[in-house]
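Visitor: Can you read through this structure? Questions will come right after.
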Amino acid sequence: LFAAIDATFGRLDFVVHAAAFADREALSKPYSETPREAFGVALDVSAYSLVALARRAAPLLERSVHPRIITLSFLGAERVFPNYNVMGVAKAALEASVRYLAADLGSRGIVVNGISAGPIKTLAASGVSGFSDFLKTYASRAPLGRNITAADVADVAAFLLGPGSRAMTGQ
């Protein structure tokens, strides 16, 4: 893929990482009962994939005027959400990876950030038992009295990919 991008465009302006996965069974059991294999898969797919992607993309990103990497997280990285379990741990690792990658790649001019939006009804969210309750609770407690939309996240992504965020990294 990266060779094809190089041959066709000669550079990469940005990368959006939106990969995450945890075994449904690992989400339905108490966190303390997470099998080692399920833990490894969740962290590999949800957090390490950003590291691997950044490593492969960095040489192409360096050729861009404003190179950016952004990823998607969730508040479950900071707070316990029922049935989010190992995915919350994986998102915490993802957010730590954003900070470390920002430090590693900053000298190459590459900005790295994450977006931690509120709960959004997605295909991935359907795997979390009780997610509908998250949505109701969040809307009732949010300052704007509503849930976040995909358009809200897209607007933040557009800002992070644009020149206005050129000095913001590791966030």
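Labels for the structure tokens follow display order: chains A, B, ..., residues from 1 in each chain, ligands from 1.
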Excluding same-chain residues fewer than 4 positions from stretch 71-73 of chain A, what lies within 9 Å of it counting only C-alpha atoms, as a PDB file with N, CA and C atoms, in the first residue's frame?
Guide:
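Written file, part25.pdb:
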```
ATOM      1  N   VAL A  15      -2.808  10.561   8.004  1.00  0.00           N
ATOM      2  CA  VAL A  15      -3.310   9.212   8.249  1.00  0.00           C
ATOM      3  C   VAL A  15      -4.361   9.315   9.343  1.00  0.00           C
ATOM      4  N   VAL A  16      -5.495   8.667   9.126  1.00  0.00           N
ATOM      5  CA  VAL A  16      -6.533   8.571  10.154  1.00  0.00           C
ATOM      6  C   VAL A  16      -6.624   7.102  10.561  1.00  0.00           C
ATOM      7  N   HIS A  17      -6.314   6.839  11.819  1.00  0.00           N
ATOM      8  CA  HIS A  17      -6.348   5.485  12.370  1.00  0.00           C
ATOM      9  C   HIS A  17      -7.675   5.318  13.103  1.00  0.00           C
ATOM     10  N   ALA A  18      -8.448   4.336  12.687  1.00  0.00           N
ATOM     11  CA  ALA A  18      -9.746   4.105  13.329  1.00  0.00           C
ATOM     12  C   ALA A  18      -9.975   2.612  13.551  1.00  0.00           C
ATOM     13  N   ALA A  19      -8.903   1.881  13.820  1.00  0.00           N
ATOM     14  CA  ALA A  19      -9.005   0.437  14.023  1.00  0.00           C
ATOM     15  C   ALA A  19      -9.131   0.119  15.499  1.00  0.00           C
ATOM     16  N   ALA A  20     -10.077  -0.735  15.835  1.00  0.00           N
ATOM     17  CA  ALA A  20     -10.234  -1.199  17.212  1.00  0.00           C
ATOM     18  C   ALA A  20     -11.000  -2.513  17.188  1.00  0.00           C
ATOM     19  N   LEU A  50      -1.657   1.413  15.598  1.00  0.00           N
ATOM     20  CA  LEU A  50      -1.287   2.811  15.373  1.00  0.00           C
ATOM     21  C   LEU A  50       0.226   2.951  15.274  1.00  0.00           C
ATOM     22  N   ALA A  77     -11.161   5.122  28.048  1.00  0.00           N
ATOM     23  CA  ALA A  77      -9.726   5.048  28.324  1.00  0.00           C
ATOM     24  C   ALA A  77      -9.402   5.663  29.679  1.00  0.00           C
ATOM     25  N   LYS A  91      -7.817   1.330  24.769  1.00  0.00           N
ATOM     26  CA  LYS A  91      -7.905   2.753  24.412  1.00  0.00           C
ATOM     27  C   LYS A  91      -6.944   3.589  25.259  1.00  0.00           C
ATOM     28  N   ALA A  92      -6.732   3.197  26.510  1.00  0.00           N
ATOM     29  CA  ALA A  92      -5.741   3.896  27.339  1.00  0.00           C
ATOM     30  C   ALA A  92      -4.343   3.717  26.737  1.00  0.00           C
ATOM     31  N   LEU A  94      -3.758   3.172  23.604  1.00  0.00           N
ATOM     32  CA  LEU A  94      -3.775   3.967  22.375  1.00  0.00           C
ATOM     33  C   LEU A  94      -3.463   5.428  22.670  1.00  0.00           C
ATOM     34  N   GLU A  95      -4.080   5.976  23.713  1.00  0.00           N
ATOM     35  CA  GLU A  95      -3.844   7.375  24.064  1.00  0.00           C
ATOM     36  C   GLU A  95      -2.403   7.606  24.523  1.00  0.00           C
ATOM     37  N   VAL A  98      -0.291   7.784  21.451  1.00  0.00           N
ATOM     38  CA  VAL A  98      -0.362   9.103  20.799  1.00  0.00           C
ATOM     39  C   VAL A  98       0.727  10.007  21.368  1.00  0.00           C
ATOM     40  N   VAL A 112       0.906  14.288  15.865  1.00  0.00           N
ATOM     41  CA  VAL A 112       0.100  13.113  16.206  1.00  0.00           C
ATOM     42  C   VAL A 112      -0.899  13.499  17.291  1.00  0.00           C
ATOM     43  N   ASN A 113      -2.186  13.242  17.050  1.00  0.00           N
ATOM     44  CA  ASN A 113      -3.232  13.543  18.019  1.00  0.00           C
ATOM     45  C   ASN A 113      -4.317  12.474  17.990  1.00  0.00           C
ATOM     46  N   GLY A 114      -5.132  12.467  19.032  1.00  0.00           N
ATOM     47  CA  GLY A 114      -6.274  11.571  19.105  1.00  0.00           C
ATOM     48  C   GLY A 114      -7.542  12.354  19.360  1.00  0.00           C
ATOM     49  N   ILE A 115      -8.633  11.789  18.952  1.00  0.00           N
ATOM     50  CA  ILE A 115      -9.950  12.367  19.222  1.00  0.00           C
ATOM     51  C   ILE A 115     -10.666  11.406  20.155  1.00  0.00           C
ATOM     52  N   SER A 116     -11.042  11.898  21.331  1.00  0.00           N
ATOM     53  CA  SER A 116     -11.790  11.089  22.269  1.00  0.00           C
ATOM     54  C   SER A 116     -13.187  11.679  22.376  1.00  0.00           C
ATOM     55  N   ALA A 117     -14.057  11.188  21.537  1.00  0.00           N
ATOM     56  CA  ALA A 117     -15.424  11.698  21.473  1.00  0.00           C
ATOM     57  C   ALA A 117     -16.303  10.989  22.499  1.00  0.00           C
TER      58      ALA A 117
END
```
Visitor: Using only C-alpha atoms, what table do you get, as JSON lines, when you list each residue of stretch 63-156 of chain A with an atom no more than 12 Å from stretch 29-41 of chain A, its nearest pair of atoms, and their distance in Å rounded to one decimal, rows by chain then rising number?
Guide:
```
{"residue": "A:Val80", "atom": "CA", "partner": "A:Tyr31", "partner_atom": "CA", "distance": 10.4}
{"residue": "A:Phe81", "atom": "CA", "partner": "A:Tyr31", "partner_atom": "CA", "distance": 11.0}
{"residue": "A:Pro82", "atom": "CA", "partner": "A:Pro30", "partner_atom": "CA", "distance": 9.1}
{"residue": "A:Asn83", "atom": "CA", "partner": "A:Lys29", "partner_atom": "CA", "distance": 7.4}
{"residue": "A:Tyr84", "atom": "CA", "partner": "A:Tyr31", "partner_atom": "CA", "distance": 8.6}
{"residue": "A:Asn85", "atom": "CA", "partner": "A:Tyr31", "partner_atom": "CA", "distance": 5.1}
{"residue": "A:Val86", "atom": "CA", "partner": "A:Tyr31", "partner_atom": "CA", "distance": 6.3}
{"residue": "A:Met87", "atom": "CA", "partner": "A:Phe39", "partner_atom": "CA", "distance": 8.7}
{"residue": "A:Gly88", "atom": "CA", "partner": "A:Tyr31", "partner_atom": "CA", "distance": 9.8}
{"residue": "A:Val89", "atom": "CA", "partner": "A:Phe39", "partner_atom": "CA", "distance": 8.9}
{"residue": "A:Ala90", "atom": "CA", "partner": "A:Phe39", "partner_atom": "CA", "distance": 8.3}
{"residue": "A:Ala93", "atom": "CA", "partner": "A:Phe39", "partner_atom": "CA", "distance": 11.8}
{"residue": "A:Val128", "atom": "CA", "partner": "A:Lys29", "partner_atom": "CA", "distance": 11.2}
{"residue": "A:Ser129", "atom": "CA", "partner": "A:Lys29", "partner_atom": "CA", "distance": 10.5}
```
Visitor: I'd like to know which residues of chain A are strand (DSSP E or B) (by DSSP, run on the backbone); could you write them as a ChimeraX atom specification?
Guide: /A:14-17,68-74,111-117
Visitor: Mind dumping the selected residues with N, CA and C atoms as a PDB file, in the first residue's frame?
Guide:
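Output contents, as saved in again_33.pdb:
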```
ATOM      1  N   PHE A  14      -1.720  12.890   5.461  1.00  0.00           N
ATOM      2  CA  PHE A  14      -2.258  12.520   6.765  1.00  0.00           C
ATOM      3  C   PHE A  14      -2.679  11.068   6.788  1.00  0.00           C
ATOM      4  N   VAL A  15      -2.808  10.561   8.004  1.00  0.00           N
ATOM      5  CA  VAL A  15      -3.310   9.212   8.249  1.00  0.00           C
ATOM      6  C   VAL A  15      -4.361   9.315   9.343  1.00  0.00           C
ATOM      7  N   VAL A  16      -5.495   8.667   9.126  1.00  0.00           N
ATOM      8  CA  VAL A  16      -6.533   8.571  10.154  1.00  0.00           C
ATOM      9  C   VAL A  16      -6.624   7.102  10.561  1.00  0.00           C
ATOM     10  N   HIS A  17      -6.314   6.839  11.819  1.00  0.00           N
ATOM     11  CA  HIS A  17      -6.348   5.485  12.370  1.00  0.00           C
ATOM     12  C   HIS A  17      -7.675   5.318  13.103  1.00  0.00           C
ATOM     13  N   ARG A  68       0.181  14.842   9.346  1.00  0.00           N
ATOM     14  CA  ARG A  68      -0.648  14.596  10.520  1.00  0.00           C
ATOM     15  C   ARG A  68      -1.003  13.115  10.644  1.00  0.00           C
ATOM     16  N   ILE A  69      -1.100  12.671  11.872  1.00  0.00           N
ATOM     17  CA  ILE A  69      -1.670  11.367  12.200  1.00  0.00           C
ATOM     18  C   ILE A  69      -2.725  11.635  13.265  1.00  0.00           C
ATOM     19  N   ILE A  70      -3.936  11.118  13.063  1.00  0.00           N
ATOM     20  CA  ILE A  70      -4.951  11.198  14.105  1.00  0.00           C
ATOM     21  C   ILE A  70      -5.554   9.814  14.306  1.00  0.00           C
ATOM     22  N   THR A  71      -6.019   9.585  15.509  1.00  0.00           N
ATOM     23  CA  THR A  71      -6.668   8.326  15.839  1.00  0.00           C
ATOM     24  C   THR A  71      -7.927   8.608  16.650  1.00  0.00           C
ATOM     25  N   LEU A  72      -8.742   7.603  16.805  1.00  0.00           N
ATOM     26  CA  LEU A  72     -10.010   7.747  17.521  1.00  0.00           C
ATOM     27  C   LEU A  72      -9.987   6.938  18.808  1.00  0.00           C
ATOM     28  N   SER A  73     -10.331   7.583  19.904  1.00  0.00           N
ATOM     29  CA  SER A  73     -10.366   6.934  21.198  1.00  0.00           C
ATOM     30  C   SER A  73     -11.769   7.085  21.788  1.00  0.00           C
ATOM     31  N   PHE A  74     -11.868   6.886  23.089  1.00  0.00           N
ATOM     32  CA  PHE A  74     -13.154   6.998  23.773  1.00  0.00           C
ATOM     33  C   PHE A  74     -12.886   7.246  25.252  1.00  0.00           C
ATOM     34  N   VAL A 111       2.842  15.653  13.268  1.00  0.00           N
ATOM     35  CA  VAL A 111       1.938  15.931  14.386  1.00  0.00           C
ATOM     36  C   VAL A 111       1.051  14.702  14.604  1.00  0.00           C
ATOM     37  N   VAL A 112       0.906  14.288  15.865  1.00  0.00           N
ATOM     38  CA  VAL A 112       0.100  13.113  16.206  1.00  0.00           C
ATOM     39  C   VAL A 112      -0.899  13.499  17.291  1.00  0.00           C
ATOM     40  N   ASN A 113      -2.186  13.242  17.050  1.00  0.00           N
ATOM     41  CA  ASN A 113      -3.232  13.543  18.019  1.00  0.00           C
ATOM     42  C   ASN A 113      -4.317  12.474  17.990  1.00  0.00           C
ATOM     43  N   GLY A 114      -5.132  12.467  19.032  1.00  0.00           N
ATOM     44  CA  GLY A 114      -6.274  11.571  19.105  1.00  0.00           C
ATOM     45  C   GLY A 114      -7.542  12.354  19.360  1.00  0.00           C
ATOM     46  N   ILE A 115      -8.633  11.789  18.952  1.00  0.00           N
ATOM     47  CA  ILE A 115      -9.950  12.367  19.222  1.00  0.00           C
ATOM     48  C   ILE A 115     -10.666  11.406  20.155  1.00  0.00           C
ATOM     49  N   SER A 116     -11.042  11.898  21.331  1.00  0.00           N
ATOM     50  CA  SER A 116     -11.790  11.089  22.269  1.00  0.00           C
ATOM     51  C   SER A 116     -13.187  11.679  22.376  1.00  0.00           C
ATOM     52  N   ALA A 117     -14.057  11.188  21.537  1.00  0.00           N
ATOM     53  CA  ALA A 117     -15.424  11.698  21.473  1.00  0.00           C
ATOM     54  C   ALA A 117     -16.303  10.989  22.499  1.00  0.00           C
TER      55      ALA A 117
END
```
Visitor: Measuring atom to atom with only C-alpha atoms, identify which of A:Leu135, A:Ala150, A:Ala102, A:Leu27 is nearest to A:Ala167.
Guide: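 Looking only at the distances to A:Ala167, the closest residue turns out to be A:Ala102.
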Visitor: Rank A:Gly130, A:Ser165, A:Phe21, A:Lys121 by their smallest atom-to-atom distance to A:Ile148, using only C-alpha atoms, and report the top residue only.
Guide: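 For A:Ile148, the nearest of the given residues is A:Lys121.
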Visitor: May I have the residues within 10 Å of stretch 4-11 of chain A as a list in words, using only C-alpha atoms and disregarding those fewer than 6 positions away in the same chain?
Guide: Ala57, Ala58, Pro59, Leu60, Leu61, Glu62, Arg63, Ser64, Val65 and Pro67 of chain A
